[in-house]
Amino acid sequence: NAGVTQTPKFQVLKTGQSMTLQCAQDMNHEYMSWYRQDPGMGLRLIHYSVGAGITDQGEVPNGYNVSRSTTEDFPLRLLSAAPSQTSVYFCASSPRGANEQFFGPGTRLTVL
Amino acid sequence: ELKVEQNPLFLSMQEGKNYTIYCNYSTTSDRLYWYRQDPGKSLESLFVLLSNGAVKQEGRLMASLDTKARLSTLHITAAVHDLSATYFCAVDTGNQFYFGTGTSLTVIP
């Protein structure tokens, strides 16, 4: 099993550009989530999904969209990037029941 | 607003010494998790604590949970250099996880 994979690993955007961060898992986990990690602030939940077709907002959802058309994939979309979205983004998944989460390797995003 | 507070934020300790990291949270929850993060890397699960009084141990690390006090501790015994990393606690409120700000641990010879 590859576990949780994320692409790209690094990305530089200009303000106003859009892009999609990809996340996939091959463990048949129902729960998937996106976090951003900023220095001194730990991880903050952006959006999460408890199954295909179901998504909900987390602590910091503004500026981000998600969809969950399959169990395996949970992409995160930035519609109009802003410098405040410069961060490291982690995707995670867990089995139903909200037990420990398994994290992907992360995407380091810089918005100029 | 739910808060998860860890202390200390930074910890420098000598090899062989013992120390405890504290995680306080502001909501009712009986599920708490500890993770480790090495510089530039992802998060690795250390412990899953799912009930009041739960205690888990792995090597030189031991975690405990007191849901009545809304407190979890991560105790380090006889620290070694390999334990240098950032440690996060996270509280599970159902479908949302809230992380502490992390404790950066450096173990010096």
# chains A, B, ... in the order shown; residues from 1 in each chain; ligands from 1
>>> residues_around(residues="Gly58 (chain A)", least_positions_apart="5", cutoff="12 Å", atoms="only C-alpha atoms", output="PyMOL selection string")
(chain A and resi 32-36+43-49+64-66) or (chain B and resi 93-98)
>>> interface_residues(of="chain A", to="chain B", cutoff="12 Å", atoms="only C-alpha atoms", output="PyMOL selection string")
chain A and resi 4-6+9+30-51+55-60+88-108
>>> write_last_selection(atoms="N, CA and C atoms", output="compact mmCIF listing (two decimals), in the first residue's frame")
# COMPACT_ATOMS: atom_id res chain seq x y z
N VAL A 4 -1.10 7.37 2.06
CA VAL A 4 -1.66 8.65 1.63
C VAL A 4 -0.61 9.35 0.76
N THR A 5 -0.97 9.69 -0.44
CA THR A 5 -0.04 10.38 -1.34
C THR A 5 -0.56 11.77 -1.66
N GLN A 6 0.36 12.69 -1.83
CA GLN A 6 0.01 14.07 -2.17
C GLN A 6 0.89 14.55 -3.32
N LYS A 9 4.76 18.17 -4.43
CA LYS A 9 5.47 18.34 -3.16
C LYS A 9 5.77 19.81 -2.90
N GLU A 30 -12.71 5.94 5.05
CA GLU A 30 -13.86 6.78 4.76
C GLU A 30 -13.60 8.24 5.10
N TYR A 31 -12.82 8.49 6.13
CA TYR A 31 -12.59 9.85 6.58
C TYR A 31 -11.32 10.40 5.95
N MET A 32 -11.42 11.60 5.34
CA MET A 32 -10.24 12.27 4.81
C MET A 32 -10.31 13.75 5.19
N SER A 33 -9.16 14.37 5.30
CA SER A 33 -9.12 15.74 5.78
C SER A 33 -7.94 16.48 5.20
N TRP A 34 -8.04 17.81 5.21
CA TRP A 34 -6.95 18.68 4.79
C TRP A 34 -6.62 19.64 5.94
N TYR A 35 -5.31 19.80 6.17
CA TYR A 35 -4.81 20.71 7.18
C TYR A 35 -3.79 21.65 6.55
N ARG A 36 -3.65 22.80 7.17
CA ARG A 36 -2.51 23.64 6.87
C ARG A 36 -1.68 23.81 8.14
N GLN A 37 -0.37 23.86 7.93
CA GLN A 37 0.54 24.01 9.07
C GLN A 37 1.34 25.28 8.88
N ASP A 38 1.20 26.17 9.83
CA ASP A 38 1.93 27.43 9.83
C ASP A 38 2.79 27.49 11.08
N PRO A 39 3.94 28.15 10.99
CA PRO A 39 4.85 28.21 12.14
C PRO A 39 4.15 28.72 13.40
N GLY A 40 4.33 28.00 14.50
CA GLY A 40 3.79 28.44 15.78
C GLY A 40 2.30 28.26 15.95
N MET A 41 1.64 27.61 14.97
CA MET A 41 0.18 27.48 15.05
C MET A 41 -0.30 26.04 14.94
N GLY A 42 0.60 25.11 14.93
CA GLY A 42 0.17 23.73 14.82
C GLY A 42 -0.51 23.47 13.50
N LEU A 43 -1.39 22.48 13.47
CA LEU A 43 -2.16 22.15 12.27
C LEU A 43 -3.59 22.63 12.46
N ARG A 44 -4.14 23.20 11.42
CA ARG A 44 -5.53 23.66 11.47
C ARG A 44 -6.33 22.99 10.36
N LEU A 45 -7.49 22.51 10.72
CA LEU A 45 -8.34 21.76 9.80
C LEU A 45 -9.01 22.71 8.81
N ILE A 46 -8.90 22.40 7.51
CA ILE A 46 -9.50 23.24 6.47
C ILE A 46 -10.87 22.67 6.08
N HIS A 47 -10.88 21.46 5.57
CA HIS A 47 -12.10 20.75 5.21
C HIS A 47 -11.92 19.28 5.53
N TYR A 48 -13.04 18.59 5.68
CA TYR A 48 -12.97 17.16 5.88
C TYR A 48 -14.14 16.48 5.18
N SER A 49 -14.02 15.15 5.07
CA SER A 49 -15.06 14.36 4.40
C SER A 49 -15.21 13.03 5.14
N VAL A 50 -16.44 12.65 5.40
CA VAL A 50 -16.69 11.39 6.09
C VAL A 50 -17.06 10.27 5.12
N GLY A 51 -17.04 10.58 3.83
CA GLY A 51 -17.32 9.56 2.82
C GLY A 51 -17.54 10.21 1.47
N THR A 55 -18.85 16.37 2.27
CA THR A 55 -17.75 17.20 2.75
C THR A 55 -18.28 18.23 3.73
N ASP A 56 -17.40 18.76 4.53
CA ASP A 56 -17.80 19.78 5.50
C ASP A 56 -16.62 20.67 5.82
N GLN A 57 -16.92 21.84 6.38
CA GLN A 57 -15.89 22.81 6.68
C GLN A 57 -15.24 22.51 8.02
N GLY A 58 -13.96 22.85 8.06
CA GLY A 58 -13.24 22.77 9.32
C GLY A 58 -13.07 24.13 9.94
N GLU A 59 -11.94 24.33 10.57
CA GLU A 59 -11.67 25.55 11.33
C GLU A 59 -11.35 26.75 10.44
N VAL A 60 -10.67 26.53 9.30
CA VAL A 60 -10.22 27.62 8.43
C VAL A 60 -10.56 27.32 6.96
N VAL A 88 2.29 24.93 4.57
CA VAL A 88 2.47 23.52 4.25
C VAL A 88 1.12 22.84 4.43
N TYR A 89 0.70 22.11 3.43
CA TYR A 89 -0.63 21.48 3.45
C TYR A 89 -0.47 19.97 3.59
N PHE A 90 -1.21 19.42 4.54
CA PHE A 90 -1.20 17.98 4.77
C PHE A 90 -2.60 17.42 4.56
N CYS A 91 -2.63 16.29 3.89
CA CYS A 91 -3.84 15.51 3.75
C CYS A 91 -3.73 14.32 4.69
N ALA A 92 -4.85 13.88 5.24
CA ALA A 92 -4.84 12.75 6.15
C ALA A 92 -6.08 11.90 5.93
N SER A 93 -6.00 10.64 6.33
CA SER A 93 -7.16 9.77 6.24
C SER A 93 -7.22 8.87 7.46
N SER A 94 -8.43 8.38 7.76
CA SER A 94 -8.58 7.43 8.86
C SER A 94 -9.81 6.58 8.61
N PRO A 95 -9.86 5.42 9.25
CA PRO A 95 -11.04 4.58 9.09
C PRO A 95 -12.25 5.23 9.74
N ARG A 96 -13.43 4.75 9.44
CA ARG A 96 -14.64 5.27 10.08
C ARG A 96 -14.52 5.11 11.59
N GLY A 97 -14.97 6.08 12.32
CA GLY A 97 -14.87 6.04 13.77
C GLY A 97 -13.88 7.05 14.30
N ALA A 98 -13.24 7.77 13.39
CA ALA A 98 -12.35 8.86 13.78
C ALA A 98 -11.28 8.40 14.76
N ASN A 99 -10.54 7.43 14.35
CA ASN A 99 -9.37 7.02 15.12
C ASN A 99 -8.14 7.75 14.60
N GLU A 100 -6.98 7.19 14.84
CA GLU A 100 -5.77 7.89 14.44
C GLU A 100 -5.77 8.15 12.95
N GLN A 101 -5.19 9.27 12.59
CA GLN A 101 -5.12 9.66 11.19
C GLN A 101 -3.75 9.32 10.63
N PHE A 102 -3.75 9.02 9.34
CA PHE A 102 -2.52 8.74 8.62
C PHE A 102 -2.28 9.91 7.67
N PHE A 103 -1.11 10.50 7.78
CA PHE A 103 -0.83 11.73 7.06
C PHE A 103 -0.02 11.48 5.79
N GLY A 104 -0.31 12.30 4.78
CA GLY A 104 0.51 12.31 3.59
C GLY A 104 1.79 13.09 3.82
N PRO A 105 2.68 13.13 2.82
CA PRO A 105 3.99 13.76 2.98
C PRO A 105 3.96 15.29 2.98
N GLY A 106 2.86 15.88 2.54
CA GLY A 106 2.72 17.33 2.57
C GLY A 106 3.04 17.99 1.24
N THR A 107 2.46 19.18 1.07
CA THR A 107 2.74 20.05 -0.08
C THR A 107 3.14 21.42 0.46
N ARG A 108 4.31 21.87 0.06
CA ARG A 108 4.76 23.21 0.49
C ARG A 108 4.38 24.21 -0.59
>>> residues_around(residues="Leu61 (chain B)", least_positions_apart="6", cutoff="8 Å", atoms="only C-alpha atoms", output="list of chain:residue names")
B:Leu74, B:His75, B:Ile76, B:Thr77
>>> residues_around(residues="Arg68 (chain A)", least_positions_apart="2", cutoff="6 Å", atoms="only C-alpha atoms", output="ChimeraX atom specification")
/A:52-53,70,74
>>> write_last_selection(atoms="all heavy atoms", output="tab-separated table (two decimals), in the first residue's frame")
chain	number	residue	atom	x	y	z
A	52	ALA	N	-17.55	9.40	0.45
A	52	ALA	CA	-17.76	9.91	-0.91
A	52	ALA	C	-19.05	10.71	-0.99
A	52	ALA	O	-20.10	10.26	-0.50
A	52	ALA	CB	-17.76	8.76	-1.91
A	53	GLY	N	-18.95	11.91	-1.56
A	53	GLY	CA	-20.11	12.77	-1.72
A	53	GLY	C	-20.44	13.64	-0.53
A	53	GLY	O	-21.37	14.45	-0.58
A	70	THR	N	-14.89	10.12	-5.07
A	70	THR	CA	-14.55	8.71	-4.83
A	70	THR	C	-14.01	8.56	-3.41
A	70	THR	O	-13.61	9.55	-2.79
A	70	THR	CB	-13.48	8.21	-5.81
A	70	THR	OG1	-12.25	8.89	-5.54
A	70	THR	CG2	-13.89	8.44	-7.26
A	74	PHE	N	-9.34	13.11	-2.65
A	74	PHE	CA	-9.90	14.26	-1.93
A	74	PHE	C	-9.09	15.51	-2.30
A	74	PHE	O	-8.22	15.94	-1.55
A	74	PHE	CB	-9.85	13.99	-0.43
A	74	PHE	CG	-10.63	14.98	0.41
A	74	PHE	CD1	-11.89	15.41	0.03
A	74	PHE	CD2	-10.10	15.46	1.61
A	74	PHE	CE1	-12.60	16.30	0.81
A	74	PHE	CE2	-10.81	16.35	2.39
A	74	PHE	CZ	-12.06	16.77	2.00
>>> atom_distance(atom1="CA of Tyr22 (chain B)", atom2="CA of Ser72 (chain B)")
6.1 Å
>>> atom_distance(atom1="CA of Phe10 (chain A)", atom2="CA of Thr71 (chain A)")
24.8 Å
>>> atom_distance(atom1="CA of Thr15 (chain A)", atom2="CA of Asp73 (chain A)")
26.3 Å
>>> select_by_dssp(residues="region 51-83 of chain B", states="strand (DSSP E or B)", output="PyMOL selection string")
chain B and resi 55-58+61-66+71-76
>>> decode(residues="region 37-51 of chain A", atoms="all heavy atoms", output="mmCIF file, in the first residue's frame")
data_model
loop_
_atom_site.group_PDB
_atom_site.id
_atom_site.type_symbol
_atom_site.label_atom_id
_atom_site.label_comp_id
_atom_site.auth_asym_id
_atom_site.auth_seq_id
_atom_site.Cartn_x
_atom_site.Cartn_y
_atom_site.Cartn_z
ATOM 1 N N GLN A 37 -0.372 23.862 7.931
ATOM 2 C CA GLN A 37 0.539 24.012 9.065
ATOM 3 C C GLN A 37 1.340 25.283 8.885
ATOM 4 O O GLN A 37 2.072 25.428 7.907
ATOM 5 C CB GLN A 37 1.485 22.812 9.193
ATOM 6 C CG GLN A 37 2.375 22.909 10.421
ATOM 7 C CD GLN A 37 3.246 21.687 10.624
ATOM 8 O OE1 GLN A 37 3.624 21.003 9.691
ATOM 9 N NE2 GLN A 37 3.569 21.404 11.875
ATOM 10 N N ASP A 38 1.196 26.169 9.826
ATOM 11 C CA ASP A 38 1.930 27.427 9.833
ATOM 12 C C ASP A 38 2.794 27.486 11.080
ATOM 13 O O ASP A 38 2.424 26.933 12.124
ATOM 14 C CB ASP A 38 0.953 28.606 9.814
ATOM 15 C CG ASP A 38 0.045 28.572 8.603
ATOM 16 O OD1 ASP A 38 0.569 28.690 7.488
ATOM 17 O OD2 ASP A 38 -1.176 28.394 8.773
ATOM 18 N N PRO A 39 3.940 28.153 10.995
ATOM 19 C CA PRO A 39 4.854 28.205 12.144
ATOM 20 C C PRO A 39 4.150 28.721 13.396
ATOM 21 O O PRO A 39 3.463 29.732 13.365
ATOM 22 C CB PRO A 39 5.939 29.172 11.668
ATOM 23 C CG PRO A 39 5.913 29.080 10.176
ATOM 24 C CD PRO A 39 4.472 28.866 9.827
ATOM 25 N N GLY A 40 4.330 28.005 14.505
ATOM 26 C CA GLY A 40 3.788 28.443 15.784
ATOM 27 C C GLY A 40 2.299 28.257 15.951
ATOM 28 O O GLY A 40 1.731 28.672 16.967
ATOM 29 N N MET A 41 1.641 27.614 14.970
ATOM 30 C CA MET A 41 0.175 27.481 15.050
ATOM 31 C C MET A 41 -0.298 26.045 14.935
ATOM 32 O O MET A 41 -1.483 25.787 14.837
ATOM 33 C CB MET A 41 -0.487 28.332 13.968
ATOM 34 C CG MET A 41 -0.162 29.799 14.071
ATOM 35 S SD MET A 41 -1.176 30.810 13.001
ATOM 36 C CE MET A 41 -2.750 30.718 13.844
ATOM 37 N N GLY A 42 0.604 25.110 14.933
ATOM 38 C CA GLY A 42 0.173 23.728 14.819
ATOM 39 C C GLY A 42 -0.512 23.466 13.495
ATOM 40 O O GLY A 42 -0.265 24.151 12.493
ATOM 41 N N LEU A 43 -1.385 22.479 13.467
ATOM 42 C CA LEU A 43 -2.156 22.152 12.271
ATOM 43 C C LEU A 43 -3.588 22.634 12.461
ATOM 44 O O LEU A 43 -4.171 22.459 13.534
ATOM 45 C CB LEU A 43 -2.161 20.632 12.028
ATOM 46 C CG LEU A 43 -0.957 20.050 11.306
ATOM 47 C CD1 LEU A 43 0.232 19.956 12.243
ATOM 48 C CD2 LEU A 43 -1.304 18.687 10.728
ATOM 49 N N ARG A 44 -4.141 23.200 11.420
ATOM 50 C CA ARG A 44 -5.529 23.663 11.472
ATOM 51 C C ARG A 44 -6.332 22.990 10.358
ATOM 52 O O ARG A 44 -5.894 22.954 9.206
ATOM 53 C CB ARG A 44 -5.600 25.183 11.360
ATOM 54 C CG ARG A 44 -5.026 25.913 12.569
ATOM 55 C CD ARG A 44 -5.144 27.413 12.414
ATOM 56 N NE ARG A 44 -4.272 27.910 11.357
ATOM 57 C CZ ARG A 44 -4.328 29.135 10.861
ATOM 58 N NH1 ARG A 44 -5.227 30.000 11.312
ATOM 59 N NH2 ARG A 44 -3.493 29.514 9.917
ATOM 60 N N LEU A 45 -7.490 22.507 10.720
ATOM 61 C CA LEU A 45 -8.339 21.764 9.796
ATOM 62 C C LEU A 45 -9.015 22.712 8.807
ATOM 63 O O LEU A 45 -9.657 23.689 9.208
ATOM 64 C CB LEU A 45 -9.391 20.985 10.587
ATOM 65 C CG LEU A 45 -10.368 20.120 9.810
ATOM 66 C CD1 LEU A 45 -9.626 18.979 9.110
ATOM 67 C CD2 LEU A 45 -11.435 19.561 10.736
ATOM 68 N N ILE A 46 -8.896 22.398 7.507
ATOM 69 C CA ILE A 46 -9.496 23.236 6.470
ATOM 70 C C ILE A 46 -10.866 22.672 6.079
ATOM 71 O O ILE A 46 -11.892 23.353 6.182
ATOM 72 C CB ILE A 46 -8.586 23.300 5.233
ATOM 73 C CG1 ILE A 46 -7.197 23.803 5.611
ATOM 74 C CG2 ILE A 46 -9.199 24.204 4.162
ATOM 75 C CD1 ILE A 46 -6.174 23.700 4.475
ATOM 76 N N HIS A 47 -10.881 21.456 5.574
ATOM 77 C CA HIS A 47 -12.103 20.752 5.209
ATOM 78 C C HIS A 47 -11.921 19.278 5.534
ATOM 79 O O HIS A 47 -10.793 18.789 5.622
ATOM 80 C CB HIS A 47 -12.392 20.882 3.705
ATOM 81 C CG HIS A 47 -12.909 22.206 3.270
ATOM 82 N ND1 HIS A 47 -14.190 22.631 3.502
ATOM 83 C CD2 HIS A 47 -12.291 23.217 2.590
ATOM 84 C CE1 HIS A 47 -14.359 23.846 2.984
ATOM 85 N NE2 HIS A 47 -13.222 24.217 2.423
ATOM 86 N N TYR A 48 -13.038 18.585 5.677
ATOM 87 C CA TYR A 48 -12.971 17.160 5.880
ATOM 88 C C TYR A 48 -14.137 16.480 5.178
ATOM 89 O O TYR A 48 -15.109 17.130 4.760
ATOM 90 C CB TYR A 48 -12.946 16.809 7.370
ATOM 91 C CG TYR A 48 -14.215 17.150 8.120
ATOM 92 C CD1 TYR A 48 -15.212 16.192 8.302
ATOM 93 C CD2 TYR A 48 -14.396 18.418 8.670
ATOM 94 C CE1 TYR A 48 -16.368 16.506 9.008
ATOM 95 C CE2 TYR A 48 -15.552 18.737 9.364
ATOM 96 C CZ TYR A 48 -16.525 17.785 9.539
ATOM 97 O OH TYR A 48 -17.671 18.088 10.233
ATOM 98 N N SER A 49 -14.022 15.151 5.068
ATOM 99 C CA SER A 49 -15.057 14.356 4.403
ATOM 100 C C SER A 49 -15.208 13.031 5.141
ATOM 101 O O SER A 49 -14.213 12.392 5.474
ATOM 102 C CB SER A 49 -14.665 14.087 2.948
ATOM 103 O OG SER A 49 -15.507 13.122 2.374
ATOM 104 N N VAL A 50 -16.444 12.647 5.396
ATOM 105 C CA VAL A 50 -16.695 11.385 6.091
ATOM 106 C C VAL A 50 -17.064 10.275 5.116
ATOM 107 O O VAL A 50 -17.360 9.151 5.536
ATOM 108 C CB VAL A 50 -17.791 11.538 7.172
ATOM 109 C CG1 VAL A 50 -17.334 12.519 8.242
ATOM 110 C CG2 VAL A 50 -19.104 11.968 6.550
ATOM 111 N N GLY A 51 -17.039 10.578 3.829
ATOM 112 C CA GLY A 51 -17.320 9.564 2.820
ATOM 113 C C GLY A 51 -17.535 10.215 1.471
ATOM 114 O O GLY A 51 -17.681 11.441 1.377
#
